[in-house]
Every structure is written in C-alpha cells, then in structure tokens.
$ cat upload_28.txt   # compact mmCIF, C-alpha atoms
# COMPACT_ATOMS: atom_id res chain seq x y z
CA MET N 1 3.10 -32.86 -0.16
CA LEU N 2 1.26 -29.57 0.14
CA PRO N 3 2.04 -26.95 -2.53
CA ASP N 4 3.58 -23.63 -1.53
CA HIS N 5 1.38 -20.60 -1.92
CA ALA N 6 1.60 -16.81 -1.91
CA GLU N 7 -1.57 -14.80 -1.33
CA LEU N 8 -1.52 -11.82 -3.72
CA HIS N 9 -4.83 -10.07 -2.98
CA CYS N 10 -5.80 -9.42 0.61
CA LEU N 11 -7.65 -6.51 2.22
CA SER N 12 -7.44 -5.53 5.88
CA ASN N 13 -9.72 -3.35 7.98
CA PHE N 14 -7.83 -0.35 6.59
CA SER N 15 -10.04 -0.83 3.53
CA PHE N 16 -12.89 1.11 5.08
CA GLN N 17 -16.13 -0.87 5.47
CA ARG N 18 -14.74 -3.82 3.54
CA GLY N 19 -12.00 -5.66 5.41
CA ALA N 20 -12.97 -7.47 8.61
CA SER N 21 -9.55 -8.38 10.02
CA HIS N 22 -6.53 -6.47 11.27
CA PRO N 23 -3.31 -6.66 9.25
CA GLU N 24 -1.64 -8.37 12.20
CA GLU N 25 -4.27 -11.12 12.14
CA LEU N 26 -3.88 -11.67 8.41
CA VAL N 27 -0.12 -12.09 8.47
CA ALA N 28 -0.27 -14.26 11.60
CA GLN N 29 -2.77 -16.56 9.89
CA ALA N 30 -0.60 -16.66 6.77
CA ALA N 31 2.36 -17.71 8.88
CA ALA N 32 0.27 -20.39 10.60
CA PHE N 33 -0.79 -21.77 7.21
CA GLY N 34 2.80 -21.83 5.97
CA TYR N 35 2.38 -19.30 3.17
CA ALA N 36 5.48 -18.27 1.29
CA ALA N 37 4.26 -14.68 1.02
CA ILE N 38 1.21 -12.52 1.61
CA ALA N 39 0.29 -9.22 -0.03
CA ILE N 40 -1.61 -6.55 1.88
CA THR N 41 -3.49 -4.72 -0.87
CA ASP N 42 -5.90 -2.29 0.78
CA GLU N 43 -8.05 -0.20 -1.53
CA CYS N 44 -6.10 2.87 -2.69
CA SER N 45 -4.11 2.84 0.55
CA LEU N 46 -0.87 1.61 2.08
CA ALA N 47 -2.08 2.21 5.63
CA GLY N 48 -2.07 -1.42 6.74
CA VAL N 49 1.38 -2.46 5.59
CA VAL N 50 3.30 -0.97 8.53
CA ARG N 51 1.34 -2.95 11.11
CA ALA N 52 1.66 -6.07 8.99
CA HIS N 53 5.41 -5.54 8.72
CA ARG N 54 5.80 -5.11 12.47
CA ALA N 55 3.70 -8.18 13.17
CA LEU N 56 5.84 -10.28 10.84
CA GLN N 57 9.01 -9.13 12.59
CA GLU N 58 7.66 -10.76 15.75
CA GLN N 59 7.24 -14.09 13.96
CA PRO N 60 10.10 -16.64 14.01
CA GLU N 61 12.45 -16.03 11.11
CA GLN N 62 12.13 -19.61 9.97
CA GLY N 63 8.82 -20.01 8.19
CA ARG N 64 8.05 -16.29 8.19
CA PRO N 65 6.11 -15.32 5.03
CA LYS N 66 7.38 -12.46 2.91
CA LEU N 67 5.28 -9.31 2.97
CA ILE N 68 4.35 -7.88 -0.43
CA ILE N 69 3.26 -4.25 -0.63
CA GLY N 70 0.39 -3.45 -2.95
CA SER N 71 -2.97 -1.75 -3.38
CA GLU N 72 -6.32 -2.48 -4.99
CA LEU N 73 -7.49 0.26 -7.35
CA GLN N 74 -10.86 0.62 -9.06
CA LEU N 75 -10.45 2.67 -12.23
CA ALA N 76 -13.18 5.21 -12.92
CA ASP N 77 -13.13 4.30 -16.61
CA GLY N 78 -11.89 0.75 -16.43
CA PRO N 79 -11.51 -2.45 -14.43
CA CYS N 80 -10.39 -3.17 -10.90
CA ILE N 81 -6.68 -3.92 -10.66
CA VAL N 82 -4.14 -4.71 -7.98
CA LEU N 83 -0.68 -3.14 -8.21
CA LEU N 84 2.24 -4.79 -6.40
CA ALA N 85 5.54 -3.00 -5.73
CA SER N 86 8.38 -5.11 -7.10
CA ASN N 87 11.21 -2.93 -5.73
CA ARG N 88 11.97 0.35 -3.98
CA ALA N 89 11.22 2.38 -7.10
CA GLY N 90 7.89 0.60 -7.53
CA TYR N 91 6.94 1.43 -3.95
CA GLY N 92 7.59 5.11 -4.61
CA GLN N 93 5.63 5.01 -7.86
CA LEU N 94 2.67 3.33 -6.16
CA SER N 95 2.74 5.85 -3.32
CA ARG N 96 2.67 8.78 -5.75
CA LEU N 97 -0.17 7.20 -7.75
CA ILE N 98 -2.28 6.77 -4.61
CA THR N 99 -1.59 10.38 -3.65
CA ARG N 100 -2.71 11.62 -7.07
CA ALA N 101 -5.87 9.50 -6.94
CA ARG N 102 -6.77 10.79 -3.47
CA ARG N 103 -6.17 14.41 -4.42
CA ALA N 104 -8.41 14.05 -7.46
CA ALA N 105 -11.48 13.37 -5.31
CA GLY N 106 -13.10 14.47 -2.07
CA LYS N 107 -12.18 13.28 1.39
CA GLY N 108 -12.51 9.54 1.83
CA GLU N 109 -12.73 8.92 -1.92
CA TYR N 110 -10.36 8.62 -4.86
CA LYS N 111 -10.46 8.90 -8.64
CA LEU N 112 -8.11 7.02 -10.92
CA THR N 113 -8.30 6.83 -14.70
CA ARG N 114 -6.44 4.86 -17.33
CA THR N 115 -4.47 7.91 -18.44
CA MET N 116 -3.15 8.42 -14.90
CA LEU N 117 -1.39 5.06 -15.21
CA ASP N 118 0.59 6.13 -18.28
CA GLY N 119 4.23 6.18 -17.27
CA ALA N 120 3.33 5.97 -13.59
CA CYS N 121 4.15 2.44 -12.40
CA SER N 122 6.89 0.96 -14.55
CA ASP N 123 8.27 -1.01 -11.57
CA CYS N 124 4.93 -2.45 -10.40
CA LEU N 125 3.20 -5.72 -11.23
CA ALA N 126 -0.50 -5.72 -12.10
CA LEU N 127 -3.34 -8.17 -11.47
CA LEU N 128 -6.67 -7.85 -13.29
CA ILE N 129 -9.56 -8.50 -10.87
CA PRO N 130 -12.69 -9.82 -12.65
CA PRO N 131 -16.15 -8.78 -11.40
CA ALA N 132 -17.62 -10.87 -8.59
CA ASP N 133 -20.53 -12.04 -10.78
CA PHE N 134 -18.24 -13.30 -13.55
CA PRO N 135 -18.78 -15.29 -15.78
CA PRO N 136 -21.94 -13.74 -17.20
CA PRO N 137 -24.64 -15.73 -18.98
CA ASP N 138 -23.36 -14.53 -22.41
CA TRP N 139 -20.16 -16.57 -22.20
CA PRO N 140 -18.79 -17.71 -24.58
CA VAL N 141 -18.89 -14.33 -26.29
CA PRO N 142 -21.51 -14.28 -29.06
CA ALA N 143 -21.00 -12.41 -32.30
CA ARG N 144 -22.78 -9.05 -32.23
CA ALA N 145 -22.37 -5.60 -33.64
CA GLU N 146 -23.35 -3.51 -30.61
CA PRO N 147 -20.76 -2.65 -27.93
CA PRO N 148 -20.45 -5.24 -25.14
CA ALA N 149 -22.27 -4.60 -21.88
CA ALA N 150 -20.34 -3.68 -18.78
CA GLY N 151 -19.16 -6.77 -16.90
CA SER N 152 -19.47 -9.03 -19.94
CA ALA N 153 -16.82 -11.42 -21.17
CA ALA N 154 -16.05 -9.14 -24.12
CA THR N 155 -15.38 -6.25 -21.76
CA LEU N 156 -13.05 -8.38 -19.68
CA GLU N 157 -11.21 -9.49 -22.81
CA ALA N 158 -10.69 -5.86 -23.79
CA ASP N 159 -9.50 -5.01 -20.28
CA ALA N 160 -7.07 -7.93 -20.30
CA ALA N 161 -5.64 -6.82 -23.64
CA TRP N 162 -5.27 -3.25 -22.36
CA LEU N 163 -3.51 -4.41 -19.18
CA ALA N 164 -1.16 -6.63 -21.14
CA GLN N 165 -0.20 -3.66 -23.32
CA ARG N 166 0.08 -1.26 -20.39
CA PHE N 167 2.16 -3.66 -18.23
CA PRO N 168 4.12 -5.79 -20.71
CA GLY N 169 5.47 -8.88 -19.01
CA ARG N 170 4.07 -7.65 -15.69
CA ALA N 171 0.34 -8.45 -15.95
CA TRP N 172 -1.73 -11.37 -14.66
CA MET N 173 -5.35 -12.46 -14.60
CA ALA N 174 -6.55 -13.10 -11.03
CA VAL N 175 -8.69 -16.22 -10.60
CA THR N 176 -10.83 -16.55 -7.46
CA VAL N 177 -12.79 -19.62 -6.34
CA ARG N 178 -16.06 -18.49 -4.72
CA LEU N 179 -17.94 -21.80 -4.18
CA ASP N 180 -21.05 -20.42 -5.87
CA GLY N 181 -21.58 -23.34 -8.24
CA ARG N 182 -19.83 -21.67 -11.19
CA ASP N 183 -16.18 -22.07 -10.25
CA ARG N 184 -15.34 -24.59 -12.97
CA GLN N 185 -16.83 -22.37 -15.64
CA ARG N 186 -15.15 -19.31 -14.09
CA ILE N 187 -11.69 -20.89 -14.08
CA THR N 188 -12.07 -22.11 -17.66
CA CYS N 189 -13.31 -18.75 -18.90
CA LEU N 190 -10.68 -16.67 -17.13
CA ARG N 191 -7.80 -18.89 -18.23
CA ARG N 192 -9.02 -18.69 -21.84
CA ILE N 193 -9.29 -14.89 -21.71
CA ALA N 194 -5.83 -14.66 -20.15
CA ARG N 195 -4.36 -16.93 -22.83
CA ASN N 196 -5.93 -14.85 -25.61
CA ALA N 197 -4.50 -11.67 -24.06
CA GLY N 198 -1.05 -13.20 -23.65
CA ILE N 199 -0.94 -12.97 -19.85
CA PRO N 200 -0.72 -15.75 -17.24
CA ALA N 201 -3.53 -16.62 -14.85
CA VAL N 202 -2.82 -16.71 -11.12
CA ALA N 203 -4.77 -17.73 -8.01
CA ALA N 204 -5.85 -14.84 -5.77
CA SER N 205 -8.53 -15.16 -3.12
CA GLY N 206 -9.26 -11.47 -2.46
CA ALA N 207 -9.43 -12.24 1.26
CA LEU N 208 -11.41 -9.87 3.47
CA MET N 209 -10.88 -11.75 6.75
CA HIS N 210 -8.43 -14.16 8.31
CA ALA N 211 -11.05 -16.62 9.62
CA ALA N 212 -14.66 -17.54 8.91
CA ALA N 213 -15.68 -16.30 12.37
CA ARG N 214 -15.38 -12.73 11.05
CA ARG N 215 -18.20 -13.15 8.54
CA PRO N 216 -20.82 -11.48 10.79
CA LEU N 217 -18.54 -8.47 11.07
CA ALA N 218 -18.04 -8.48 7.30
CA ASP N 219 -21.83 -8.45 6.85
CA VAL N 220 -22.10 -5.46 9.18
CA MET N 221 -19.41 -3.66 7.17
CA THR N 222 -21.40 -4.28 3.99
CA ALA N 223 -24.59 -2.96 5.56
CA LEU N 224 -22.81 0.16 6.77
CA ARG N 225 -21.41 0.76 3.31
CA LEU N 226 -24.91 0.45 1.81
CA HIS N 227 -26.52 2.58 4.57
CA CYS N 228 -28.99 -0.09 5.56
CA SER N 229 -29.48 -2.85 8.12
CA VAL N 230 -28.03 -6.32 7.70
CA ALA N 231 -31.53 -7.71 7.08
CA GLU N 232 -32.18 -5.09 4.39
CA ALA N 233 -28.87 -5.77 2.64
CA GLY N 234 -30.19 -9.12 1.40
CA LEU N 235 -28.32 -10.47 -1.63
CA ALA N 236 -25.74 -7.69 -1.38
CA LEU N 237 -24.15 -9.66 1.46
CA ALA N 238 -21.52 -12.26 0.65
CA PRO N 239 -23.16 -15.67 0.05
CA ASN N 240 -20.54 -17.43 2.19
CA ALA N 241 -17.35 -16.84 4.17
CA GLU N 242 -14.99 -17.95 1.42
CA HIS N 243 -13.34 -14.53 1.09
CA ARG N 244 -10.80 -15.49 3.72
CA LEU N 245 -7.39 -17.08 4.00
CA HIS N 246 -7.42 -20.86 3.51
CA ASP N 247 -4.94 -23.54 4.45
CA ARG N 248 -2.80 -24.95 1.68
CA ALA N 249 -4.60 -28.30 1.62
CA THR N 250 -7.88 -26.53 0.86
CA LEU N 251 -6.25 -24.40 -1.83
CA ALA N 252 -4.70 -27.47 -3.47
CA GLY N 253 -8.15 -29.02 -3.80
CA ARG N 254 -9.72 -25.91 -5.36
CA TYR N 255 -7.17 -24.43 -7.74
CA PRO N 256 -5.25 -26.03 -10.60
CA PRO N 257 -1.57 -26.55 -9.68
CA ALA N 258 -0.45 -24.12 -12.37
CA LEU N 259 -2.38 -21.24 -10.80
CA LEU N 260 -0.86 -21.90 -7.37
CA ALA N 261 2.64 -22.20 -8.83
CA GLU N 262 2.21 -18.87 -10.59
CA THR N 263 1.66 -17.14 -7.22
CA LEU N 264 5.23 -18.05 -6.27
CA ALA N 265 6.53 -16.65 -9.56
CA VAL N 266 4.82 -13.34 -8.86
CA ALA N 267 6.05 -13.26 -5.26
CA ALA N 268 9.62 -13.96 -6.37
CA ARG N 269 9.58 -10.77 -8.46
CA CYS N 270 8.51 -8.67 -5.47
CA THR N 271 11.74 -8.04 -3.57
CA PHE N 272 10.88 -4.78 -1.82
CA SER N 273 10.79 -4.62 1.98
CA LEU N 274 9.89 -1.76 4.28
CA ASP N 275 13.29 -2.27 5.92
CA GLU N 276 14.79 -0.53 2.87
CA LEU N 277 13.15 2.79 3.74
CA ARG N 278 15.34 5.42 5.36
CA TYR N 279 14.80 9.05 6.20
CA GLU N 280 15.57 11.12 3.10
CA TYR N 281 15.44 14.89 3.28
CA PRO N 282 14.48 16.70 0.06
CA ALA N 283 17.63 17.23 -2.00
CA GLU N 284 16.36 20.44 -3.62
CA LEU N 285 17.00 22.37 -0.39
CA VAL N 286 20.77 22.02 -0.79
CA PRO N 287 22.43 23.84 -3.74
CA ASP N 288 24.92 22.11 -6.00
CA GLY N 289 28.40 21.98 -4.57
CA GLU N 290 27.18 22.03 -0.97
CA THR N 291 26.52 19.32 1.56
CA PRO N 292 23.67 19.58 4.06
CA ALA N 293 26.18 20.42 6.81
CA THR N 294 28.03 23.14 4.86
CA TRP N 295 24.83 24.74 3.60
CA LEU N 296 23.33 24.77 7.08
CA ARG N 297 26.49 26.46 8.36
CA ARG N 298 26.22 29.16 5.70
CA LEU N 299 22.58 29.78 6.53
CA VAL N 300 23.35 30.08 10.24
CA GLU N 301 26.25 32.48 9.69
CA GLY N 302 24.19 34.55 7.29
CA GLY N 303 21.36 34.65 9.79
CA LEU N 304 23.71 35.79 12.56
CA ALA N 305 25.07 38.56 10.35
CA TRP N 306 21.56 39.75 9.51
CA ARG N 307 20.29 39.54 13.06
CA TYR N 308 23.15 41.43 14.67
CA ARG N 309 23.93 43.90 11.87
CA GLN N 310 25.03 47.39 12.86
CA ASP N 311 23.60 49.41 9.98
CA GLY N 312 20.36 49.34 8.05
CA ASP N 313 21.71 47.40 5.10
CA ARG N 314 21.44 43.63 5.12
CA PRO N 315 24.91 42.19 4.47
CA ALA N 316 25.59 39.10 2.42
CA PRO N 317 26.13 35.79 4.22
CA LEU N 318 29.55 35.55 5.81
CA PRO N 319 32.16 33.45 4.02
CA MET N 320 33.19 30.23 5.65
CA ASN N 321 36.61 31.36 6.93
CA ARG N 322 37.76 28.76 9.40
CA PRO N 323 41.14 27.28 10.32
CA GLN N 324 42.09 24.06 8.61
CA SER N 325 42.34 22.46 12.04
CA MET N 326 38.59 22.98 12.52
CA PRO N 327 36.93 20.43 10.26
CA LEU N 328 33.22 20.51 9.61
CA PRO N 329 31.14 18.23 11.79
CA ALA N 330 29.86 14.99 10.37
CA PRO N 331 26.45 15.48 8.73
CA PRO N 332 23.60 14.33 10.96
CA PRO N 333 21.35 11.45 9.85
CA ALA N 334 18.55 13.92 9.12
CA PRO N 335 19.83 17.24 7.66
CA PHE N 336 18.25 20.33 9.17
CA ARG N 337 16.40 18.14 11.64
CA ARG N 338 14.66 20.12 14.31
CA LEU N 339 15.81 19.21 17.79
CA PRO N 340 13.12 18.30 20.30
CA GLN N 341 12.22 21.12 22.62
CA ARG N 342 13.05 20.65 26.23
CA THR N 343 10.65 21.79 28.87
CA PRO N 344 12.52 24.08 31.27
CA HIS N 345 12.68 22.89 34.82
CA ARG N 346 10.41 24.79 37.15
CA PRO N 347 10.68 24.45 40.93
CA PRO N 348 7.47 23.49 42.70
CA TYR N 349 5.39 26.33 44.00
CA ALA N 350 5.93 27.01 47.69
CA SER N 351 2.87 26.41 49.78
CA ARG N 352 1.54 29.00 52.21
CA SER N 353 2.37 26.72 55.14
CA ASN N 354 6.13 26.70 54.60
CA THR N 355 6.49 30.32 53.46
CA SER N 356 7.63 32.89 55.93
CA TRP N 357 5.64 36.13 55.72
CA ARG N 358 6.92 39.41 56.99
$ encode --input "upload_28.txt" --output "structure tokens"
Amino acid sequence: MLPDHAELHCLSNFSFQRGASHPEELVAQAAAFGYAAIAITDECSLAGVVRAHRALQEQPEQGRPKLIIGSELQLADGPCIVLLASNRAGYGQLSRLITRARRAAGKGEYKLTRTMLDGACSDCLALLIPPADFPPPDWPVPARAEPPAAGSAATLEADAAWLAQRFPGRAWMAVTVRLDGRDRQRITCLRRIARNAGIPAVAASGALMHAAARRPLADVMTALRLHCSVAEAGLALAPNAEHRLHDRATLAGRYPPALLAETLAVAARCTFSLDELRYEYPAELVPDGETPATWLRRLVEGGLAWRYRQDGDRPAPLPMNRPQSMPLPAPPPAPFRRLPQRTPHRPPYASRSNTSWR
C-alpha cells in the first residue's frame, strides 16, 4: 500500500526565474498522484495561491488535495526558511511579513532579517531549508576554535537551534533527496542535526516543476537569473530534473517512512483555506457607537448641510431625526462601497443622409 504524502515546499512560476510550472499544473499533478495536500510556497510571495485554489476547485471533491498557503523566505542574516499559514491569523501574519520584507528593499527584491520575525508569525509553521550543497566535507563537525564557515554543518546546527527557539513546537528540518550520490549521508546528517535541536525532520522536495519535461525551461530560467547563456551557466544548472513532483511509489522508495508520515502531521495543522477570506472594510473609519450604515448616514447629512448652507458658517452635521417607522437600511456587504459608474446612454449620431437641412 502506497503511503500518503503532503508536499510542503513547492515553487511555481510566480517565483521569478525559478519556478518552471504554473500553479494550476502543480496542483493538478498533485491530485493525479493522490497527494493529501500540497503547499504553494513561492519566494516572498503569495501570488500563485489564488490560481492554485481555483484550479483545485475544479477538481473532483473526492481525492482533491488540500492547499496549504506558505512562502519561502531567504533571511539576509540567516538561513532559508519556509513559513506555512496554519490558520486565518497565520495567513494575515505571513501577508504582513511579506509586505514588510518587500518594502525594505527595491522593486523586485526583498530584505528579511531575524529580528523582523520576532513576534511576527506566532500562528505559522516553519521549515528550515538546508543549502543545496549540504552536507559539506567537514561533516561530522570537527572540534575547532574559529567560527564555522557559512554553509557548514555547525552553521546549520546553530540555525536549527535558533528556529526551534523562535518557533517552539512549530519548527521542522526539511530533508530533500537530490540523487547526487550523497542522499544517504544527507538524510543521516539532517536527522541528527534535527534531533540535537529538538525538532522533527520532514520530507520536502522543493519542487520547481510538475514534470521532468520542464527541465529545459528551468535551465533557461537559471541562465536568465545569472545573466548568461545556458551553455555558459555550466555547473550552476541543476544536475538533474529531480526538483519536481514525484508519484508516491517513488517517494516511498527514497524517503524513510517517518519523514513521509511527518508531512501529514504538518499538513493536519494547516487548516486555513482561502474560502475563509471575506471583504473586510477597515474598522477605524467608523467611530465607537456607530455602525457603518449609521455613520455613512451622518456623513451624508452633514455633507448636504455643508453643501447647501445659506450663510458663510459651516454648520455641524444634522442630527439623525427620523420617525420610528423609518428604520435604517440593512448595512451593505461592503460599507461605503463605491457603486459602479454607469455610462449614460447616448443616441447614435444622425448621418448626413437622413438629416433634413433647411
């Protein structure tokens, strides 16, 4: 029997010059493989989740994978992490964090530091993404006095300890099989680091495409990002097409069962759906003791009194004196919503042939 699986790290083409598949293609492939859930985690963006959500709504309800909302974030002074929204509050926190990171840098870039995460995402789950070239040759970590080099096992151990402290009970170590000849050592090393940090390890492929046929496009995206040709990119290109979604039989042969089972535990804690979102007008526009409908009525009456005043002094807004038999209208779904403008009807211009001239 094939094990159930939830993909927790997946980038679409909304991750500029990285992803090689549309969100619709990713979720459709996940449904075809029988995934329990799939997370769209574009880099510092939530742009692809709406299309993924709409595509899943077109899938049959039976066997439809759950969509998890998340984002991949590279810290300027730390590791690469993936944040997953566990509920409605977590989605709002993640949205605000992405906005802050985008505003802190120029157009098309973002800047996120460790301090910006303090108190920012208390309802989000976090995955630590190891470097692609991990494990380094210095593993196991030797005893030395100098600070560890960037990308070393000691650095990853420190990052795992920091993430476990920053997200208590909500942090995981992501383990990715790359088929580069070092997967057994990678899995052993990452599980040991996760155990020392007190966090579980979980399988996460970091998919950039839904099928292997998109690898040429992925290579072109890499060359564009490096401002060179595909031939000049050389070893910067992916060595294979393994950064894609795999069927569950393939996953069962590559990952330990515990890592696959942990993906379901993470997915079970992510209950948020885009169906929960509703239009919410800012509450600070309505004073205490007023409803949107009553406050709008006061503003309109005050505006009428000001517009059609008889003297030079601007009177105060008119009181709401109305008969008891004239109740206030029910508040509209969107308070103070602007009605669409209607184009006035204009009769067609009369041609010279059917116009009588005198």
$ atom_distance --input "upload_28.txt" --atom1 "CA of Asn240 (chain N)" --atom2 "CA of Asp42 (chain N)"
21.1 Å
$ closest_residue --input "upload_28.txt" --among "N:Ala265, N:Ala55, N:Leu83, N:Cys270" --to "Ala28 (chain N)" --atoms "only C-alpha atoms"
N:Ala55
$ residues_around --input "upload_28.txt" --residues "Ser12 (chain N)" --least-positions-apart "4" --cutoff "9 Å" --atoms "only C-alpha atoms" --output "list in words"
Phe16, Arg18, Gly19, Ala20, Ser21, His22, Pro23, Glu25, Leu26, Ile40, Thr41, Asp42, Gly48, Ala207, Leu208 and Met209 of chain N
$ atom_distance --input "upload_28.txt" --atom1 "CA of Ala36 (chain N)" --atom2 "CA of Pro65 (chain N)"
4.8 Å
$ residues_around --input "upload_28.txt" --residues "Glu232 (chain N)" --least-positions-apart "4" --cutoff "12 Å" --atoms "all atoms listed in the file" --output "NGL selection string"
:N and (219-220 or 222-224 or 226-228 or 236-237)
$ residues_around --input "upload_28.txt" --residues "Gly34 (chain N)" --least-positions-apart "5" --cutoff "8 Å" --atoms "all atoms listed in the file" --output "JSON, numbers by chain"
{"N": [4, 63, 64, 65, 248]}
$ atom_distance --input "upload_28.txt" --atom1 "CA of Pro287 (chain N)" --atom2 "CA of Glu301 (chain N)"
16.4 Å
